[in-house]
Amino acid sequence: MSFLGGVFGSPRNRFGRKVLEQVLGYEAVETAHFDTEAFEIGYRLKNGYVAKMNLGTLYRRFDGKIAAGLFQAVDSLILPPEAPEGWERVPPKLRPVLRRAGYGSGAIRVGELEGRDLVLSRPALPFLTEMVVIDLPSTVQFVTKQELSNWGVDAEQVYAVAHANLTELAMNTLEAFEPPQGMRVLDFVDDDGESYVGSLPLVAGWLEGVRARTATRPLVFLSGHLGMLVVLGATPAALPQLLALAEERLEGALRPLSAVPYTVDDNGDVIPFEVAADHPAHGLIRRAQAQLAVGAYHAQTERLRAEAEREGAIMELLHVRAPDGSEYTMTSWTDGVTNLLPAADFICFVTGGGDVFRVAWEDVSGLVALELAAEYDPPRYRVHDHPPAEIMTRLRALAS
């Protein structure tokens, strides 16, 4: 970093601090905090409304410049239209959305202040979470558990209503599907975020309906939170190109989701698409899965490590590429402390004597009880001291 860069900060940080100054100047704002890592501003209004403002869109829109148009844009974002208060007016505005696991940090925090509300969420796919928003004219507001209490309804009712609100869209899109002649790629665009077409895989029976209408096993790519790609009749030879396209879109997405392909199983459930080890796309799918997992766990790790009262050692998930080109994930288990392990392909044991070796997760779980810490999303496993000496000896024998 240059001297000037070190003194005055990067252009992105200067931009963020200027927006933070504006946000803190509003009478309605109780507190706000600029998260340089996430490049967003978290804030709480005096009426209890808690939200985050993603600065990436504003930075690109105004080319990083501080101008009157920027201040007007912040005005419209920081003071959104009032969401309906009573349950009677809420149902038509509910929509389901997908985000990466841990989006919103579970418990909403603004700086050191913990929010009173918890965002309503539930696991949807590996490392992807379903949330519900109230669709307002120029923004969305995430539904919180406190609002469920205020409305006198339960979570299942809210999810059911949000899904039902996509029924017409689901039926209309199904009409676009017919048995393909060869491979067919359908790009469902939702640049303005108005249609929620990218949420259709959440609607029970929608992807199964695509399979029934086309007599194929469809693939779905959800690279960003807006829109989706649906592929019919994908061939092994074409799949690497499709994965490359998904990764390109992931990198350019405002809110990246996943480059992993998804499909439907025999029960009609949406699942990640898997292929055999000798499939041309096997390595690319493994990389997409690893990148999704590492991204979700990294955000969670940073958040948990920043907490004043954290539980033991919060272990990172690493994405490793071997000399032979194979890719896998790995985490570490340190002796003598409580460890919260992310799910990984391999566990690396680090002993007090400096001995280091790695063992496949499946082999470790076959010899040691890995306690699921279900309160974390993405999930973590709680372990303490290393296993007894005889088990460690057996684990060393399984090391790779």
# chains A, B, ... in the order shown; residues from 1 in each chain; ligands from 1
$ closest_atom_pairs --of "segment 249-306 of chain A" --to "segment 364-378 of chain A" --cutoff "8 Å" --atoms "only C-alpha atoms" --output "Markdown table"
| residue | atom | partner | partner_atom | distance |
| --- | --- | --- | --- | --- |
| A:Ala296 | CA | A:Pro378 | CA | 7.0 |
| A:Tyr297 | CA | A:Pro378 | CA | 6.7 |
| A:Gln300 | CA | A:Pro378 | CA | 7.8 |
$ residues_around --residues "Leu55 of chain A" --least-positions-apart "3" --cutoff "9 Å" --atoms "only C-alpha atoms" --output "list of chain:residue names"
A:Phe15, A:Gly16, A:Val19, A:Ala38, A:Phe39, A:Glu40, A:Ile41, A:Leu58, A:Tyr59, A:Arg60
$ residues_around --residues "Ala238 of chain A" --least-positions-apart "3" --cutoff "12 Å" --atoms "only C-alpha atoms" --output "NGL selection string"
:A and (182-185 or 231-235 or 241-245 or 279-281)
$ atom_distance --atom1 "atom CA of Met53 of chain A" --atom2 "atom CA of Ala288 of chain A"
27.5 Å
$ residues_around --residues "segment 209-213 of chain A" --least-positions-apart "5" --cutoff "8 Å" --atoms "only C-alpha atoms" --output "ChimeraX atom specification"
/A:174,177-179,218
$ closest_residue --among "A:Leu292, A:Leu219, A:Thr173, A:Val23" --to "Glu274 of chain A" --atoms "only C-alpha atoms"
A:Leu219
$ residues_around --residues "segment 261-266 of chain A" --least-positions-apart "4" --cutoff "7 Å" --atoms "only C-alpha atoms" --output "list of chain:residue names"
A:Leu207, A:Glu208, A:Arg217, A:Pro218, A:Leu219, A:Val220, A:Phe221, A:Val270, A:Ile271, A:Pro272, A:Phe273
$ atom_distance --atom1 "atom CA of Thr129 of chain A" --atom2 "atom CA of His33 of chain A"
24.6 Å
$ closest_residue --among "A:Asp35, A:Asp345, A:Glu168, A:Asp75" --to "Ser138 of chain A" --atoms "only C-alpha atoms"
A:Asp75
$ closest_atom_pairs --of "segment 23-103 of chain A" --to "segment 188-194 of chain A" --cutoff "12 Å" --atoms "only C-alpha atoms" --output "tab-separated table"
residue	atom	partner	partner_atom	distance
A:Lys93	CA	A:Glu194	CA	11.7
A:Arg95	CA	A:Glu194	CA	10.5
A:Val97	CA	A:Gly193	CA	10.6
$ closest_residue --among "A:Trp87, A:Trp151, A:Tyr26, A:Phe34" --to "Val74 of chain A" --atoms "only C-alpha atoms"
A:Tyr26
$ residues_around --residues "segment 117-128 of chain A" --least-positions-apart "5" --cutoff "10 Å" --atoms "only C-alpha atoms" --output "NGL selection string"
:A and (48-50 or 96-109 or 133 or 142-148 or 155 or 158-159 or 201-202 or 257-258 or 262 or 270-272 or 289 or 292-297 or 377-379)
$ write_last_selection --atoms "N, CA and C atoms" --output "CSV table (one decimal), in the first residue's frame"
chain,number,residue,atom,x,y,z
A,48,GLY,N,-37.0,0.8,15.5
A,48,GLY,CA,-36.7,-0.6,15.7
A,48,GLY,C,-36.3,-1.3,14.4
A,49,TYR,N,-36.6,-0.7,13.2
A,49,TYR,CA,-36.3,-1.3,11.9
A,49,TYR,C,-34.8,-1.4,11.8
A,50,VAL,N,-34.3,-2.6,11.5
A,50,VAL,CA,-32.9,-2.9,11.3
A,50,VAL,C,-32.6,-3.4,9.9
A,96,PRO,N,-40.7,-15.5,-1.2
A,96,PRO,CA,-39.5,-16.2,-0.7
A,96,PRO,C,-38.3,-15.8,-1.5
A,97,VAL,N,-37.1,-15.8,-0.9
A,97,VAL,CA,-35.9,-15.5,-1.6
A,97,VAL,C,-34.8,-16.5,-1.1
A,98,LEU,N,-33.8,-16.7,-1.9
A,98,LEU,CA,-32.6,-17.4,-1.6
A,98,LEU,C,-31.4,-16.5,-1.3
A,99,ARG,N,-30.7,-16.9,-0.2
A,99,ARG,CA,-29.4,-16.2,0.1
A,99,ARG,C,-28.4,-17.2,0.5
A,100,ARG,N,-27.1,-16.9,0.5
A,100,ARG,CA,-26.1,-17.8,1.1
A,100,ARG,C,-26.3,-18.0,2.6
A,101,ALA,N,-26.0,-19.2,3.0
A,101,ALA,CA,-26.2,-19.5,4.4
A,101,ALA,C,-25.5,-18.4,5.3
A,102,GLY,N,-26.1,-18.0,6.3
A,102,GLY,CA,-25.6,-17.0,7.2
A,102,GLY,C,-25.8,-15.5,6.8
A,103,TYR,N,-26.5,-15.3,5.6
A,103,TYR,CA,-26.8,-14.0,5.2
A,103,TYR,C,-27.6,-13.3,6.3
A,104,GLY,N,-27.2,-12.0,6.6
A,104,GLY,CA,-27.9,-11.3,7.6
A,104,GLY,C,-27.3,-11.6,9.0
A,105,SER,N,-26.3,-12.5,9.0
A,105,SER,CA,-25.7,-12.9,10.3
A,105,SER,C,-26.6,-13.6,11.3
A,106,GLY,N,-27.7,-14.1,10.9
A,106,GLY,CA,-28.6,-14.7,11.8
A,106,GLY,C,-29.2,-13.7,12.8
A,107,ALA,N,-28.4,-13.4,13.8
A,107,ALA,CA,-28.8,-12.2,14.7
A,107,ALA,C,-28.3,-11.0,14.0
A,108,ILE,N,-29.1,-10.0,13.8
A,108,ILE,CA,-28.7,-8.8,13.1
A,108,ILE,C,-27.9,-8.0,14.1
A,109,ARG,N,-26.7,-7.5,13.6
A,109,ARG,CA,-25.9,-6.7,14.5
A,109,ARG,C,-25.6,-5.4,13.7
A,133,VAL,N,-39.3,-12.0,2.3
A,133,VAL,CA,-39.2,-10.5,2.3
A,133,VAL,C,-40.6,-10.0,2.1
A,142,PHE,N,-36.8,-7.7,5.1
A,142,PHE,CA,-36.8,-9.1,5.5
A,142,PHE,C,-37.7,-9.3,6.7
A,143,VAL,N,-38.5,-10.4,6.7
A,143,VAL,CA,-39.4,-10.7,7.8
A,143,VAL,C,-38.5,-11.2,9.0
A,144,THR,N,-38.9,-10.7,10.1
A,144,THR,CA,-38.2,-11.2,11.4
A,144,THR,C,-39.1,-12.0,12.2
A,145,LYS,N,-38.5,-12.7,13.2
A,145,LYS,CA,-39.3,-13.5,14.1
A,145,LYS,C,-40.1,-12.6,15.0
A,146,GLN,N,-39.6,-11.4,15.3
A,146,GLN,CA,-40.4,-10.5,16.1
A,146,GLN,C,-41.7,-10.1,15.4
A,147,GLU,N,-41.6,-10.0,14.1
A,147,GLU,CA,-42.8,-9.6,13.3
A,147,GLU,C,-43.8,-10.8,13.4
A,148,LEU,N,-43.4,-12.0,13.3
A,148,LEU,CA,-44.3,-13.1,13.5
A,148,LEU,C,-45.1,-13.0,14.8
A,155,ALA,N,-44.1,-19.4,11.6
A,155,ALA,CA,-43.2,-19.4,10.4
A,155,ALA,C,-43.7,-20.2,9.2
A,158,VAL,N,-46.1,-18.2,7.2
A,158,VAL,CA,-45.5,-17.2,6.4
A,158,VAL,C,-44.8,-17.8,5.1
A,159,TYR,N,-44.1,-18.9,5.3
A,159,TYR,CA,-43.5,-19.5,4.2
A,159,TYR,C,-44.5,-20.0,3.2
A,201,PRO,N,-37.4,-22.4,-7.8
A,201,PRO,CA,-37.0,-23.7,-7.3
A,201,PRO,C,-37.4,-24.0,-5.8
A,202,LEU,N,-37.8,-22.9,-5.1
A,202,LEU,CA,-38.3,-23.1,-3.7
A,202,LEU,C,-39.7,-23.6,-3.7
A,257,LEU,N,-24.7,-16.3,-5.4
A,257,LEU,CA,-25.2,-17.4,-4.7
A,257,LEU,C,-24.4,-18.7,-4.9
A,258,SER,N,-24.5,-19.3,-6.0
A,258,SER,CA,-23.8,-20.6,-6.2
A,258,SER,C,-23.6,-20.9,-7.7
A,262,TYR,N,-28.1,-27.6,-9.9
A,262,TYR,CA,-29.1,-28.3,-9.1
A,262,TYR,C,-30.1,-29.0,-10.0
A,270,VAL,N,-35.6,-30.7,-4.8
A,270,VAL,CA,-34.4,-30.1,-5.5
A,270,VAL,C,-33.2,-30.4,-4.7
A,271,ILE,N,-32.1,-30.9,-5.4
A,271,ILE,CA,-30.9,-31.4,-4.8
A,271,ILE,C,-29.7,-30.9,-5.7
A,272,PRO,N,-28.5,-30.8,-5.1
A,272,PRO,CA,-27.3,-30.6,-6.0
A,272,PRO,C,-27.1,-31.7,-7.0
A,289,GLN,N,-18.8,-26.6,-5.6
A,289,GLN,CA,-19.2,-27.0,-4.2
A,289,GLN,C,-18.3,-26.5,-3.2
A,292,LEU,N,-18.5,-22.6,-2.8
A,292,LEU,CA,-19.8,-22.2,-2.1
A,292,LEU,C,-19.6,-22.5,-0.6
A,293,ALA,N,-19.1,-23.6,-0.2
A,293,ALA,CA,-18.9,-24.0,1.2
A,293,ALA,C,-17.9,-23.0,1.9
A,294,VAL,N,-16.8,-22.8,1.2
A,294,VAL,CA,-15.7,-22.0,1.8
A,294,VAL,C,-16.2,-20.5,2.0
A,295,GLY,N,-17.0,-20.0,1.0
A,295,GLY,CA,-17.5,-18.7,1.1
A,295,GLY,C,-18.5,-18.5,2.2
A,296,ALA,N,-19.4,-19.5,2.4
A,296,ALA,CA,-20.3,-19.4,3.5
A,296,ALA,C,-19.7,-19.5,4.8
A,297,TYR,N,-18.7,-20.4,5.0
A,297,TYR,CA,-18.0,-20.6,6.2
A,297,TYR,C,-17.1,-19.5,6.6
A,377,ASP,N,-25.6,-22.0,11.3
A,377,ASP,CA,-25.9,-22.2,9.9
A,377,ASP,C,-25.0,-21.3,9.1
A,378,PRO,N,-24.1,-21.9,8.3
A,378,PRO,CA,-23.9,-23.4,8.0
A,378,PRO,C,-23.5,-24.1,9.3
A,379,PRO,N,-23.8,-25.4,9.3
A,379,PRO,CA,-23.6,-26.2,10.5
A,379,PRO,C,-22.1,-26.4,10.9
$ residues_around --residues "Pro92 of chain A" --least-positions-apart "6" --cutoff "12 Å" --atoms "only C-alpha atoms" --output "ChimeraX atom specification"
/A:84,133-136,158,160-166
$ atom_distance --atom1 "atom CA of Ala67 of chain A" --atom2 "atom CA of Glu251 of chain A"
27.6 Å
$ select_by_dssp --residues "segment 114-307 of chain A" --states "alpha helix (DSSP H)" --output "ChimeraX atom specification"
/A:145-151,155-164,167-174,206-214,239-252,282-306
$ closest_residue --among "A:Tyr43, A:Phe62, A:Tyr381, A:Phe346" --to "Glu311 of chain A" --atoms "only C-alpha atoms"
A:Tyr381
